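Have a look at coords_20.cif; it's mmCIF, C-alpha atoms and all ligand atoms:
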data_upload
loop_
_atom_site.label_atom_id
_atom_site.label_comp_id
_atom_site.auth_asym_id
_atom_site.auth_seq_id
_atom_site.Cartn_x
_atom_site.Cartn_y
_atom_site.Cartn_z
CA MET V 1 0.00 0.00 0.00
CA THR V 2 1.37 3.41 -0.96
CA ALA V 3 0.32 6.09 1.47
CA ALA V 4 -0.07 8.68 -1.29
CA GLU V 5 -2.10 6.56 -3.72
CA PRO V 6 -5.39 8.36 -4.39
CA LEU V 7 -8.18 5.81 -4.06
CA LEU V 8 -11.16 8.04 -4.62
CA VAL V 9 -11.14 11.35 -6.44
CA ALA V 10 -14.28 13.46 -6.70
CA THR V 11 -14.19 16.65 -8.76
CA ASP V 12 -16.67 19.49 -9.14
CA LEU V 13 -19.70 17.52 -7.97
CA ARG V 14 -23.08 19.13 -8.48
CA LYS V 15 -26.41 17.69 -7.43
CA THR V 16 -29.79 19.37 -7.19
CA TYR V 17 -32.95 17.95 -5.65
CA GLY V 18 -35.85 19.86 -7.19
CA ARG V 19 -34.78 23.44 -6.60
CA THR V 20 -32.47 22.65 -3.67
CA PRO V 21 -28.79 22.55 -4.62
CA ALA V 22 -27.33 19.85 -2.35
CA LEU V 23 -23.84 19.92 -3.92
CA ASP V 24 -22.47 22.95 -5.71
CA GLY V 25 -18.94 22.16 -6.83
CA ALA V 26 -17.72 19.87 -4.05
CA GLU V 27 -14.48 17.94 -4.36
CA LEU V 28 -12.58 15.44 -2.27
CA THR V 29 -9.63 13.11 -2.63
CA VAL V 30 -9.25 10.07 -0.40
CA ARG V 31 -5.92 8.27 -0.19
CA ALA V 32 -5.38 4.69 0.89
CA GLY V 33 -5.52 4.19 4.64
CA GLU V 34 -6.36 7.75 5.68
CA VAL V 35 -9.24 8.96 7.81
CA VAL V 36 -10.91 12.05 6.32
CA ALA V 37 -13.48 13.93 8.38
CA VAL V 38 -16.28 15.69 6.49
CA MET V 39 -17.76 18.41 8.68
CA GLY V 40 -20.21 21.24 8.14
CA PRO V 41 -23.65 22.48 9.18
CA SER V 42 -26.75 20.34 8.91
CA GLY V 43 -28.13 20.39 5.37
CA SER V 44 -24.83 21.53 3.84
CA GLY V 45 -24.50 18.44 1.62
CA LYS V 46 -22.28 16.08 3.65
CA SER V 47 -24.45 12.98 3.22
CA THR V 48 -25.05 13.73 -0.46
CA LEU V 49 -21.28 13.98 -0.97
CA LEU V 50 -20.77 10.65 0.81
CA HIS V 51 -23.51 9.01 -1.29
CA CYS V 52 -21.90 10.31 -4.50
CA LEU V 53 -18.47 9.04 -3.42
CA ALA V 54 -19.92 5.61 -2.70
CA GLY V 55 -21.82 5.44 -6.00
CA ILE V 56 -25.20 5.39 -4.27
CA VAL V 57 -26.24 8.74 -5.79
CA THR V 58 -25.20 9.86 -9.27
CA PRO V 59 -24.23 13.54 -9.40
CA ASP V 60 -25.81 15.82 -12.03
CA SER V 61 -22.32 16.79 -13.13
CA GLY V 62 -18.74 16.28 -12.06
CA GLU V 63 -17.15 12.88 -11.63
CA VAL V 64 -16.07 10.34 -9.05
CA ARG V 65 -13.18 8.03 -9.84
CA TYR V 66 -12.35 4.98 -7.77
CA ARG V 67 -8.88 3.66 -8.57
CA GLY V 68 -9.04 5.58 -11.83
CA ARG V 69 -12.44 4.21 -12.92
CA GLN V 70 -15.33 6.60 -13.28
CA LEU V 71 -18.27 5.37 -11.20
CA SER V 72 -20.92 6.78 -13.53
CA ALA V 73 -19.41 4.83 -16.46
CA MET V 74 -20.04 1.53 -14.64
CA SER V 75 -23.27 -0.44 -14.91
CA ASP V 76 -25.59 -0.63 -11.90
CA GLY V 77 -24.46 -4.21 -11.40
CA GLU V 78 -20.79 -3.23 -11.41
CA ARG V 79 -21.43 -0.42 -8.96
CA SER V 80 -23.27 -2.60 -6.48
CA ALA V 81 -20.59 -5.28 -6.81
CA LEU V 82 -17.99 -2.60 -6.00
CA ARG V 83 -19.97 -1.53 -2.94
CA ARG V 84 -20.00 -5.13 -1.71
CA THR V 85 -16.33 -5.91 -2.34
CA ASP V 86 -14.50 -2.63 -1.78
CA PHE V 87 -16.69 -0.44 0.42
CA GLY V 88 -18.08 -0.73 3.93
CA PHE V 89 -20.84 1.39 5.46
CA VAL V 90 -21.72 2.59 8.94
CA PHE V 91 -24.75 4.81 9.48
CA GLN V 92 -26.19 6.56 12.51
CA PHE V 93 -28.57 3.67 13.21
CA GLY V 94 -30.97 1.23 11.59
CA GLN V 95 -28.49 -0.68 9.49
CA LEU V 96 -28.69 -4.02 11.30
CA VAL V 97 -31.34 -6.58 10.34
CA PRO V 98 -33.57 -6.83 13.44
CA GLU V 99 -34.52 -10.50 12.87
CA LEU V 100 -30.91 -11.71 12.82
CA THR V 101 -28.53 -12.08 15.75
CA CYS V 102 -25.54 -9.77 15.97
CA LEU V 103 -23.29 -12.60 14.80
CA GLU V 104 -25.55 -13.33 11.81
CA ASN V 105 -25.63 -9.62 10.96
CA VAL V 106 -21.84 -9.45 10.79
CA ALA V 107 -21.69 -12.72 8.84
CA MET V 108 -24.31 -11.56 6.33
CA PRO V 109 -22.06 -9.66 3.86
CA MET V 110 -19.89 -12.78 3.55
CA ARG V 111 -22.92 -15.03 3.17
CA LEU V 112 -24.15 -12.76 0.35
CA ALA V 113 -20.72 -13.08 -1.23
CA GLY V 114 -21.16 -16.85 -1.22
CA ARG V 115 -19.07 -17.86 1.80
CA ARG V 116 -20.08 -20.98 3.74
CA ARG V 117 -22.06 -20.32 6.87
CA LYS V 118 -19.51 -21.88 9.20
CA ASP V 119 -16.57 -19.85 7.79
CA ALA V 120 -18.56 -16.64 7.67
CA GLU V 121 -19.69 -16.97 11.28
CA ALA V 122 -16.21 -17.89 12.50
CA LEU V 123 -14.78 -14.76 10.91
CA ALA V 124 -17.72 -12.69 12.18
CA ALA V 125 -16.98 -13.91 15.69
CA THR V 126 -13.37 -12.69 15.50
CA TRP V 127 -14.62 -9.27 14.40
CA LEU V 128 -17.15 -9.08 17.23
CA ASP V 129 -14.33 -9.90 19.60
CA ARG V 130 -12.14 -7.22 18.10
CA LEU V 131 -14.90 -4.64 18.53
CA GLU V 132 -15.33 -5.78 22.16
CA VAL V 133 -18.87 -7.12 21.67
CA ALA V 134 -18.23 -10.89 21.63
CA ASP V 135 -20.60 -11.30 24.58
CA ILE V 136 -23.69 -10.22 22.62
CA ALA V 137 -23.10 -12.43 19.55
CA GLY V 138 -26.33 -14.37 20.09
CA GLN V 139 -28.55 -11.36 20.82
CA ARG V 140 -30.69 -9.44 18.37
CA PRO V 141 -30.04 -5.73 17.64
CA GLY V 142 -33.16 -4.73 19.56
CA GLU V 143 -31.77 -6.32 22.71
CA VAL V 144 -28.41 -4.50 22.82
CA SER V 145 -27.43 -0.93 23.72
CA GLY V 146 -26.84 1.79 21.12
CA GLY V 147 -23.09 1.69 21.60
CA GLN V 148 -22.98 -2.10 21.27
CA GLY V 149 -25.17 -1.93 18.15
CA GLN V 150 -22.81 0.58 16.51
CA ARG V 151 -19.81 -1.62 17.29
CA VAL V 152 -21.63 -4.53 15.62
CA ALA V 153 -22.25 -2.23 12.64
CA VAL V 154 -18.55 -1.38 12.48
CA ALA V 155 -17.69 -5.08 12.57
CA ARG V 156 -20.10 -5.68 9.71
CA ALA V 157 -18.60 -2.82 7.70
CA LEU V 158 -15.07 -4.16 8.12
CA VAL V 159 -15.58 -7.92 7.86
CA GLY V 160 -15.24 -7.95 4.06
CA ASP V 161 -11.86 -6.18 4.21
CA PRO V 162 -13.05 -3.04 2.37
CA ARG V 163 -10.67 -0.40 0.98
CA VAL V 164 -12.98 2.44 2.02
CA VAL V 165 -15.37 2.67 4.94
CA PHE V 166 -18.09 5.32 4.63
CA ALA V 167 -19.35 6.39 8.03
CA ASP V 168 -22.21 8.91 8.18
CA GLU V 169 -22.62 10.26 11.72
CA PRO V 170 -21.66 6.87 13.21
CA THR V 171 -21.76 8.29 16.74
CA GLY V 172 -24.74 10.60 16.18
CA ALA V 173 -27.06 8.62 18.45
CA LEU V 174 -24.51 7.84 21.19
CA ASP V 175 -23.35 9.59 24.35
CA SER V 176 -19.77 10.85 24.32
CA LEU V 177 -18.17 7.90 26.12
CA ASN V 178 -19.78 5.34 23.80
CA GLY V 179 -19.20 7.56 20.79
CA GLU V 180 -15.49 7.78 21.52
CA ARG V 181 -15.24 4.05 22.07
CA VAL V 182 -16.80 3.44 18.64
CA MET V 183 -14.39 5.96 17.08
CA ARG V 184 -11.33 4.47 18.75
CA LEU V 185 -12.25 0.93 17.66
CA LEU V 186 -13.24 2.02 14.14
CA THR V 187 -10.06 3.99 13.48
CA GLU V 188 -7.81 1.34 15.04
CA ALA V 189 -9.40 -1.43 12.98
CA ALA V 190 -9.27 0.66 9.80
CA HIS V 191 -5.64 1.44 10.48
CA ASP V 192 -4.80 -2.24 11.02
CA THR V 193 -6.54 -3.34 7.82
CA GLY V 194 -5.37 -0.37 5.73
CA ALA V 195 -8.91 0.79 4.96
CA ALA V 196 -9.53 4.48 4.36
CA VAL V 197 -12.42 6.08 6.25
CA VAL V 198 -14.68 8.89 5.07
CA LEU V 199 -16.19 10.12 8.31
CA VAL V 200 -19.15 12.49 8.19
CA THR V 201 -19.70 14.14 11.56
CA HIS V 202 -20.72 17.44 13.07
CA GLU V 203 -18.94 16.70 16.36
CA PRO V 204 -15.43 18.19 16.65
CA ARG V 205 -14.30 15.57 19.19
CA VAL V 206 -15.30 12.83 16.74
CA ALA V 207 -13.54 14.62 13.87
CA ALA V 208 -10.42 14.70 16.04
CA TYR V 209 -9.98 10.99 15.27
CA SER V 210 -9.31 11.92 11.63
CA ASP V 211 -6.03 12.60 9.85
CA ARG V 212 -7.45 15.60 8.02
CA GLU V 213 -10.66 17.52 7.58
CA ILE V 214 -12.80 19.06 4.89
CA VAL V 215 -15.72 21.37 5.63
CA VAL V 216 -18.84 21.46 3.46
CA ARG V 217 -20.84 24.70 3.39
CA ASP V 218 -23.75 25.28 1.02
CA GLY V 219 -22.67 22.33 -1.11
CA LYS V 220 -19.09 23.57 -1.52
CA SER V 221 -16.14 21.83 0.09
CA ARG V 222 -13.13 23.43 1.69
CA ASP V 223 -9.96 21.47 2.37
CA MET V 224 -8.90 22.65 5.82
CA GLU V 225 -5.28 21.63 5.22
CA ARG V 226 -5.10 24.34 2.61
CA VAL V 227 -6.37 27.34 4.55
CA SER V 228 -3.81 30.13 4.44
CA MET P 1 -6.35 39.84 24.54
CA SER P 2 -3.89 42.17 22.85
CA ILE P 3 -5.01 45.73 23.59
CA GLY P 4 -2.22 47.13 21.41
CA HIS P 5 -3.27 45.25 18.31
CA THR P 6 -6.92 46.00 18.92
CA LEU P 7 -6.34 49.76 19.27
CA LEU P 8 -4.11 49.65 16.23
CA GLY P 9 -6.82 47.88 14.25
CA LEU P 10 -9.35 50.52 15.30
CA LEU P 11 -6.99 53.23 14.06
CA GLU P 12 -6.84 51.68 10.62
CA SER P 13 -10.10 53.24 9.53
CA GLY P 14 -8.77 56.74 10.30
CA PRO P 15 -6.85 58.90 12.85
CA ARG P 16 -8.42 59.29 16.30
CA HIS P 17 -7.77 61.02 19.58
CA GLY P 18 -6.97 58.94 22.65
CA TYR P 19 -10.38 59.50 24.24
CA ASP P 20 -12.09 58.61 20.97
CA LEU P 21 -10.08 55.38 20.76
CA LYS P 22 -11.06 54.41 24.28
CA ARG P 23 -14.72 55.04 23.47
CA ALA P 24 -14.54 52.96 20.28
CA PHE P 25 -12.83 50.13 22.15
CA ASP P 26 -15.35 50.14 25.01
CA GLU P 27 -18.28 50.20 22.61
CA ARG P 28 -17.10 47.20 20.64
CA PHE P 29 -15.02 45.09 23.02
CA GLY P 30 -15.24 46.52 26.54
CA HIS P 31 -18.62 45.15 27.55
CA ASP P 32 -17.48 43.76 30.86
CA ARG P 33 -14.19 45.60 31.23
CA PRO P 34 -13.87 49.14 29.87
CA LEU P 35 -10.31 50.38 29.26
CA ALA P 36 -8.74 52.74 31.77
CA TYR P 37 -7.44 56.00 30.29
CA GLY P 38 -4.01 55.25 31.70
CA GLN P 39 -3.97 51.96 29.79
CA VAL P 40 -4.83 53.71 26.53
CA TYR P 41 -2.07 56.28 26.90
CA SER P 42 0.61 53.83 27.99
CA THR P 43 -0.32 51.57 25.07
CA MET P 44 -0.23 54.49 22.62
CA ALA P 45 3.15 55.60 23.99
CA ARG P 46 4.51 52.09 23.32
CA LEU P 47 3.03 51.96 19.80
CA LEU P 48 4.49 55.42 19.12
CA LYS P 49 7.93 54.33 20.32
CA ASN P 50 7.76 51.24 18.08
CA GLY P 51 6.81 53.32 15.05
CA LEU P 52 3.40 51.66 14.62
CA VAL P 53 1.52 54.95 15.10
CA GLU P 54 2.44 58.61 14.69
CA VAL P 55 1.05 61.80 16.14
CA ASP P 56 -1.19 63.30 13.52
CA GLY P 57 -2.04 66.52 15.34
CA ILE P 58 -2.19 68.11 18.79
CA GLU P 59 -5.03 70.28 19.96
CA PRO P 60 -4.19 73.32 22.04
CA GLY P 61 -4.23 72.77 25.78
CA GLY P 62 -1.65 69.98 26.08
CA GLY P 63 -1.97 66.64 27.87
CA PRO P 64 -2.03 63.20 26.26
CA GLU P 65 -5.77 63.29 25.56
CA ARG P 66 -5.19 66.12 23.08
CA LYS P 67 -3.03 64.01 20.78
CA ARG P 68 -4.47 62.61 17.60
CA TYR P 69 -2.92 59.31 16.47
CA ALA P 70 -2.63 57.84 12.98
CA ILE P 71 -1.53 54.34 12.05
CA THR P 72 1.75 54.01 10.07
CA ASP P 73 2.50 51.51 7.26
CA ALA P 74 4.41 49.45 9.79
CA GLY P 75 1.30 49.53 11.99
CA VAL P 76 -0.92 48.26 9.16
CA THR P 77 1.53 45.41 8.52
CA ASP P 78 1.47 44.60 12.22
CA VAL P 79 -2.36 44.36 12.26
CA GLU P 80 -2.25 42.26 9.10
CA GLN P 81 0.17 39.77 10.68
CA TRP P 82 -1.75 39.59 13.91
CA LEU P 83 -5.03 38.83 12.11
CA ALA P 84 -3.47 36.20 9.85
CA GLN P 85 -1.70 34.38 12.68
CA PRO P 86 -3.95 31.82 14.43
CA GLU P 87 -4.05 32.03 18.21
CA LYS P 88 -2.49 29.25 20.20
CA PRO P 89 -5.56 27.16 21.04
CA GLU P 90 -6.41 27.40 24.72
CA PRO P 91 -9.62 27.87 26.65
CA TYR P 92 -11.24 31.30 26.90
CA LEU P 93 -9.81 32.72 23.70
CA GLN P 94 -13.19 34.08 22.76
CA THR P 95 -12.51 37.78 23.52
CA THR P 96 -9.38 37.81 21.33
CA LEU P 97 -11.04 35.89 18.52
CA TYR P 98 -14.08 38.12 18.62
CA ALA P 99 -11.88 41.23 18.43
CA LYS P 100 -9.99 39.77 15.48
CA VAL P 101 -13.17 38.94 13.58
CA VAL P 102 -14.67 42.40 14.15
CA LEU P 103 -11.46 44.16 13.15
CA ALA P 104 -11.14 42.01 10.03
CA LEU P 105 -14.68 43.01 9.06
CA LEU P 106 -14.02 46.69 9.85
CA THR P 107 -10.84 46.75 7.81
CA GLY P 108 -12.19 44.76 4.86
CA ARG P 109 -10.02 41.67 5.42
CA PRO P 110 -11.33 38.11 4.85
CA ALA P 111 -12.86 37.27 8.23
CA ALA P 112 -14.02 33.83 7.02
CA ASP P 113 -10.40 32.84 6.32
CA LEU P 114 -9.35 34.00 9.75
CA LEU P 115 -12.02 31.77 11.33
CA ASP P 116 -11.03 28.79 9.16
CA THR P 117 -7.34 29.21 9.95
CA GLN P 118 -8.16 29.22 13.65
CA ARG P 119 -10.48 26.25 13.22
CA ALA P 120 -7.71 24.23 11.55
CA GLU P 121 -5.34 25.15 14.39
CA HIS P 122 -7.89 24.02 16.98
CA LEU P 123 -8.55 20.72 15.26
CA ARG P 124 -4.80 20.06 14.98
CA LEU P 125 -4.44 20.33 18.74
CA MET P 126 -7.59 18.25 19.27
CA ARG P 127 -6.08 15.48 17.12
CA GLU P 128 -2.87 15.57 19.12
CA LEU P 129 -4.79 15.35 22.40
CA THR P 130 -6.89 12.49 21.01
CA ARG P 131 -3.73 10.57 20.09
CA ARG P 132 -2.22 11.25 23.49
CA LYS P 133 -5.44 10.08 25.11
CA SER P 134 -5.53 6.73 23.32
CA GLY P 135 -1.98 5.95 24.42
CA GLY P 136 -2.43 7.15 28.00
CA ASP P 137 -3.74 5.93 31.33
CA LEU P 138 -6.99 7.13 32.89
CA THR P 139 -5.38 10.26 34.36
CA ASP P 140 -4.04 11.26 30.93
CA GLN P 141 -7.44 10.56 29.44
CA LEU P 142 -9.25 12.77 31.93
CA ILE P 143 -6.77 15.63 31.51
CA CYS P 144 -6.97 15.42 27.72
CA ASP P 145 -10.77 15.20 27.82
CA HIS P 146 -10.99 18.40 29.82
CA ALA P 147 -8.93 20.25 27.23
CA LEU P 148 -10.84 18.58 24.38
CA PHE P 149 -14.24 19.69 25.70
CA HIS P 150 -13.03 23.29 26.01
CA LEU P 151 -11.48 23.27 22.55
CA GLU P 152 -14.67 21.79 21.18
CA ALA P 153 -16.68 24.63 22.70
CA ASP P 154 -14.34 27.15 21.03
CA LEU P 155 -14.56 25.34 17.73
CA ARG P 156 -18.35 25.35 17.85
CA TRP P 157 -18.24 29.07 18.51
CA LEU P 158 -15.97 29.50 15.46
CA GLU P 159 -18.49 27.50 13.41
CA LEU P 160 -21.45 29.51 14.60
CA THR P 161 -19.64 32.80 14.01
CA ALA P 162 -18.70 31.70 10.49
CA ALA P 163 -22.36 30.94 9.82
CA ARG P 164 -23.39 34.42 11.03
CA LEU P 165 -20.59 36.40 9.44
CA ASP P 166 -22.80 38.30 6.99
CA GLN P 167 -25.08 39.36 9.81
CA LEU P 168 -22.15 40.44 11.99
CA ALA P 169 -20.59 42.36 9.09
CA ALA P 170 -23.84 44.28 8.59
CA GLU P 171 -23.94 45.15 12.29
CA VAL P 172 -20.34 46.24 12.82
CA THR P 173 -20.11 48.31 9.65
CA ARG P 174 -23.48 49.98 10.18
N1 LIG K 1 -33.27 12.60 -1.38
C1 LIG K 1 -33.43 13.93 -1.26
N2 LIG K 1 -34.52 14.55 -1.75
C2 LIG K 1 -34.68 15.88 -1.66
N3 LIG K 1 -33.80 16.70 -1.04
C3 LIG K 1 -32.69 16.15 -0.53
C4 LIG K 1 -32.45 14.74 -0.58
N4 LIG K 1 -31.25 14.49 0.02
C5 LIG K 1 -30.81 15.69 0.44
N5 LIG K 1 -31.65 16.69 0.13
C6 LIG K 1 -31.43 18.12 0.41
O1 LIG K 1 -30.11 18.46 0.02
C7 LIG K 1 -29.49 19.29 0.98
C8 LIG K 1 -28.24 18.61 1.53
O2 LIG K 1 -28.62 17.45 2.28
P1 LIG K 1 -27.62 16.45 2.99
O3 LIG K 1 -26.58 16.03 2.02
O4 LIG K 1 -28.42 15.38 3.63
O5 LIG K 1 -26.96 17.40 4.09
P2 LIG K 1 -26.18 17.02 5.45
O6 LIG K 1 -25.84 15.57 5.41
O7 LIG K 1 -24.98 17.92 5.45
O8 LIG K 1 -27.10 17.37 6.56
C9 LIG K 1 -30.52 19.58 2.02
O9 LIG K 1 -31.15 20.79 1.71
C10 LIG K 1 -31.49 18.42 1.90
O10 LIG K 1 -32.77 18.78 2.31
MG MG K 2 -26.38 14.00 6.74
#

Would you mind writing the file's structure down as structure tokens?
Ligand SMILES: Nc1ncnc2c1ncn2[C@@H]1O[C@H](COP(=O)(O)OP(=O)(O)O)[C@@H](O)[C@H]1O
Ligand SMILES: [Mg+2]
Amino acid sequence: MTAAEPLLVATDLRKTYGRTPALDGAELTVRAGEVVAVMGPSGSGKSTLLHCLAGIVTPDSGEVRYRGRQLSAMSDGERSALRRTDFGFVFQFGQLVPELTCLENVAMPMRLAGRRRKDAEALAATWLDRLEVADIAGQRPGEVSGGQGQRVAVARALVGDPRVVFADEPTGALDSLNGERVMRLLTEAAHDTGAAVVLVTHEPRVAAYSDREIVVRDGKSRDMERVS
Amino acid sequence: MSIGHTLLGLLESGPRHGYDLKRAFDERFGHDRPLAYGQVYSTMARLLKNGLVEVDGIEPGGGPERKRYAITDAGVTDVEQWLAQPEKPEPYLQTTLYAKVVLALLTGRPAADLLDTQRAEHLRLMRELTRRKSGGDLTDQLICDHALFHLEADLRWLELTAARLDQLAAEVTR
């Protein structure tokens, strides 16, 4: 892994919903293994930027390249395959399947990728252990605390060895102690596996786990490493 | 907060007498602590000695309050440098930062850049404290957390001020 290799490059992204401009010339470069915080006021376009980067939303104009390949030039099938193999996702809440146990939730991405149940669950168990939630493996998401649920979600995002983890307000529903625990475990695990993290947050103490920061205001991004 | 730089910044819009400077300072920045006349005159004497201001005129009658001061080119450069240089992040910076923002707006300098430069400086220190915290024992963690919460409060204030900059500009230049 070269530290300077740009994995994801987004340039001049524009996206309008009806009359609302959500992105108005945003750009972002993500290099292998780095943690980039995306901050900015509510409604400024952070989530839309993340969705464009991950190929979930197609921008009206501008482009996103992942390892040199333009996302909008791929077929839907190619894009969803890329999301399964190369990307991981953590949201604020609601990403775990309520009917499955925590262990089954973490094993699910590997099951979808065709891994045998026994292998998938063995690997899932090591990830639950790593995220310090081995004790709740057999419980369902509705039976665990918010902090535990988010650590299960992080395990699920990382189990497939993604190159980029997209985290949108991953601590938004947690108190500060649990939020920081999730951030510490997420950034440590990403660092160990070499995954880059795009971290959307409005909390400065959460952003302090990043290597660098961009701020989105009114759909425009500002790279805070480049201010005067 | 640096009284010298603040008075200098106030002089940038035009020459003023000592008493006029004190009034301008108190109006904008002296809400809980108005300047003493003695402080104004000792500060002006120092700025004069350092060549950052010059005496622009003296009214008849004598006494320091009769002097009219004007900023020099060296003074303008000094204000410029002070505004561009982020403050060392530490709790309770708000009075200095507020003075810098208002003076930037009054003198037509990019106040948004000043806020962003300071924001970047704050987050740099927050990252360092976060790293120190993850390698430390509980005592280290608690000490770092205290600093982190204060820095976060400052950073939120910087954010909120950036979001209200147009409104503040309209008020201070009214
Ligand atoms: N699916 C959507 N449909 C309509 N408007 C949207 C949609 N997604 C986002 N927006 C609008 O775009 C703007 C940016 O939203 P978003 O990217 O969610 O901001 P943030 O994540 O920074 O809070 C907002 O005004 C929001 O209301
Ligand atoms: Mg959002």

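Nearest residue to ligand MG 2 (chain K), choosing from V:Arg111, V:Arg116, V:Lys46, V:Arg151 and counting only C-alpha atoms and all ligand atoms: V:Lys46.
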
Revision key, fill the gap. From atom CA of Leu47 of chain P to atom CA of Ala104 of chain P the spacing works out at 19.9 Å

Practice item. Considering all atoms listed in the file, return as a ChimeraX atom specification whatever protein or nucleic-acid residues lie within 12 Å of Tyr17 of chain V, sequence-local ones (same chain, fewer than 4 positions apart) excluded. Key: /V:21-24,45,48,57-60

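Using all atoms listed in the file, the smallest distance between any of V:Ser176, V:Thr171, V:Ser210, V:Gln95 and chain P comes from V:Ser210.
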
Exercise for review: Could you tell me which of P:Thr96, P:Thr173, P:Gln118, P:Thr43 comes closest to Leu8 of chain P if we count only C-alpha atoms?
Suggested key: P:Thr43

**Study point:** Contacts of ligand LIG 1 (chain K), 9 Å or closer, only C-alpha atoms and all ligand atoms, given as JSON, numbers by chain
**Key:** {"V": [15, 16, 17, 18, 19, 20, 21, 22, 23, 39, 40, 41, 42, 43, 44, 45, 46, 47, 48, 49, 50, 51, 168, 169, 200, 201, 202, 216, 217, 218, 219]}

Check your understanding: Any idea which chain V residues end up within 6 Å of chain P if we count all atoms listed in the file, as an NGL selection string please?
Key -> :V and (204 or 208 or 227)

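Each of P:Leu48, P:Leu138, P:Ala169, P:Ala112 was compared to Gly4 of chain P using all atoms listed in the file, and P:Leu48 turns out to be the nearest.
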
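Proximity to segment 7-11 of chain V at 7 Å, evaluated using all atoms listed in the file and with sequence-adjacent residues fewer than 4 positions away removed, yields Ala26, Glu27, Leu28, Thr29, Val30, Arg31, Ala32, Leu53, Gly62, Glu63, Val64, Arg65, Tyr66 and Arg67 of chain V.
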
Point to revise | Val159 of chain V environment, 8 Å, only C-alpha atoms, sequence neighbours closer than 5 positions dropped, as a VMD selection string | key: chain V and resid 106 to 107 109 to 110 123 to 124 127

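Note that atom CA of Asp73 of chain P and atom CA of Arg28 of chain P are 24.1 Å apart.
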
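With distances taken over all atoms listed in the file, V:Pro170 is the one residue among V:Val152, V:Pro170, V:Cys102, V:Pro6 lying closest to ligand MG 2 (chain K).
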